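Worksheet: the structure to be examined is printed underneath.
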Amino acid sequence: MPQIIDGKAISAQIKDEVKERVAELAAQGKKVCLAVIQVGNDPASSVYVGNKKKACAYVGMESLAYELAEETTQEALLDLIRELNAKEEVNGILVQLPLPKHIDEDEVIRAIDPKKDVDGFHPQSVGALCIGQPGFVSCTPAGIIQLLKRSGIEIAGKECVVIGRSNIVGKPMALLLLRENGTVTVCHSRTKDLKEVTKRADILVAAVGKPKMITREYVKEGAVVIDVGIHRNENNKLCGDVDYEDVAPVCSAITPVPGGVGPMTIAMLMYNCANSVSR
Ligand code: GUN
């Protein structure tokens, strides 16, 4: 059976490291504070935002929660971001996505001061990642790199295939694997003969958004399989983009759902927040 990559344990380890860092900063008289903005009350977003607040409390950071009504205007949201940009005691600003349809998400992201962009979504952060400069990195793909490294999985020289090209996961994932000297291919909905491409992967990252789509026909024997998906199946049980039962027997390592990639996002957000202080 494959190595099960334990995202719960690795994320706990990272949060404990961040907690120590936050305590060191506190000893120097520096506080860490994250501002979290949610517009509307999408239930999934409310759960994520609640978990972010809990994680801040765990590592000893302050958090400010802004819960704005669904009908909040673009201008009011931009005003709040500008106010938080100017507040010295706020280190990180996170606007929970998705935003209501009447709001221009790109303009909102661009309004965040890149020095406080702990989500790593600002074009300046993405550009810095692209050319190998320091800057905040999107939390989910950054967490996947940590999962690989802390599980003893070498990236350099490996064939890495990413399925999905979103700004939040697929694109930054490809850039990070490249930074680690992987040979990277990005697949998407228009890729011809997807299975033929994914079967080349030593490291396969599935961020397709379709429950259990990735069966063993997509996976090379002995590959490392990272599952970014999170869905509820017909019995209300969580499952990923990968058909775990089918794929696990043929791969060398795999992330479970839940308990794989999921917990890493918040751990890396805490890591980014602690790092926002000395910038
Ligand atoms: N919505 C889903 N994932 C994320 C994330 O990582 N950050 C933010 N801000 N919103 C999200």
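Residues in the structure tokens are numbered from 1 in each chain, the chains being A, B, ... in the order shown, and ligands are numbered from 1 in the order shown.
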Contacts of ligand 1, 12 Å or closer, only C-alpha atoms and all ligand atoms, given as an NGL selection string: :A and (35-39 or 42-49 or 51-52 or 92-99 or 105 or 108-109 or 112 or 117-122 or 137-143 or 166-169 or 228-230 or 261-270 or 272)
DSSP-assigned alpha helix (DSSP H) among stretch 56-274 of chain A, expressed as a ChimeraX atom specification: /A:56-59,74-86,105-111,123-130,139-150,170-179,194-198,244-247,262-274
Stretch 176-191 of chain A surroundings by only C-alpha atoms, 8 Å radius, close-in-sequence under 2 positions cut, as a ChimeraX atom specification: /A:129,132,141-142,145,155-165,170,172-174,193-194,197,208
Surrounding residues of stretch 251-258 of chain A excluding itself and chain neighbours under 6 positions, 12 Å, only C-alpha atoms, as a PyMOL selection string: chain A and resi 1-8+10+144+147-148+151-153+199+201-206+211-212+215-233+237-245+264
Given only C-alpha atoms as the counted atoms, nearest of A:Leu84, A:Asn41, A:Thr72, A:Asn91 to A:Asn275: A:Asn91
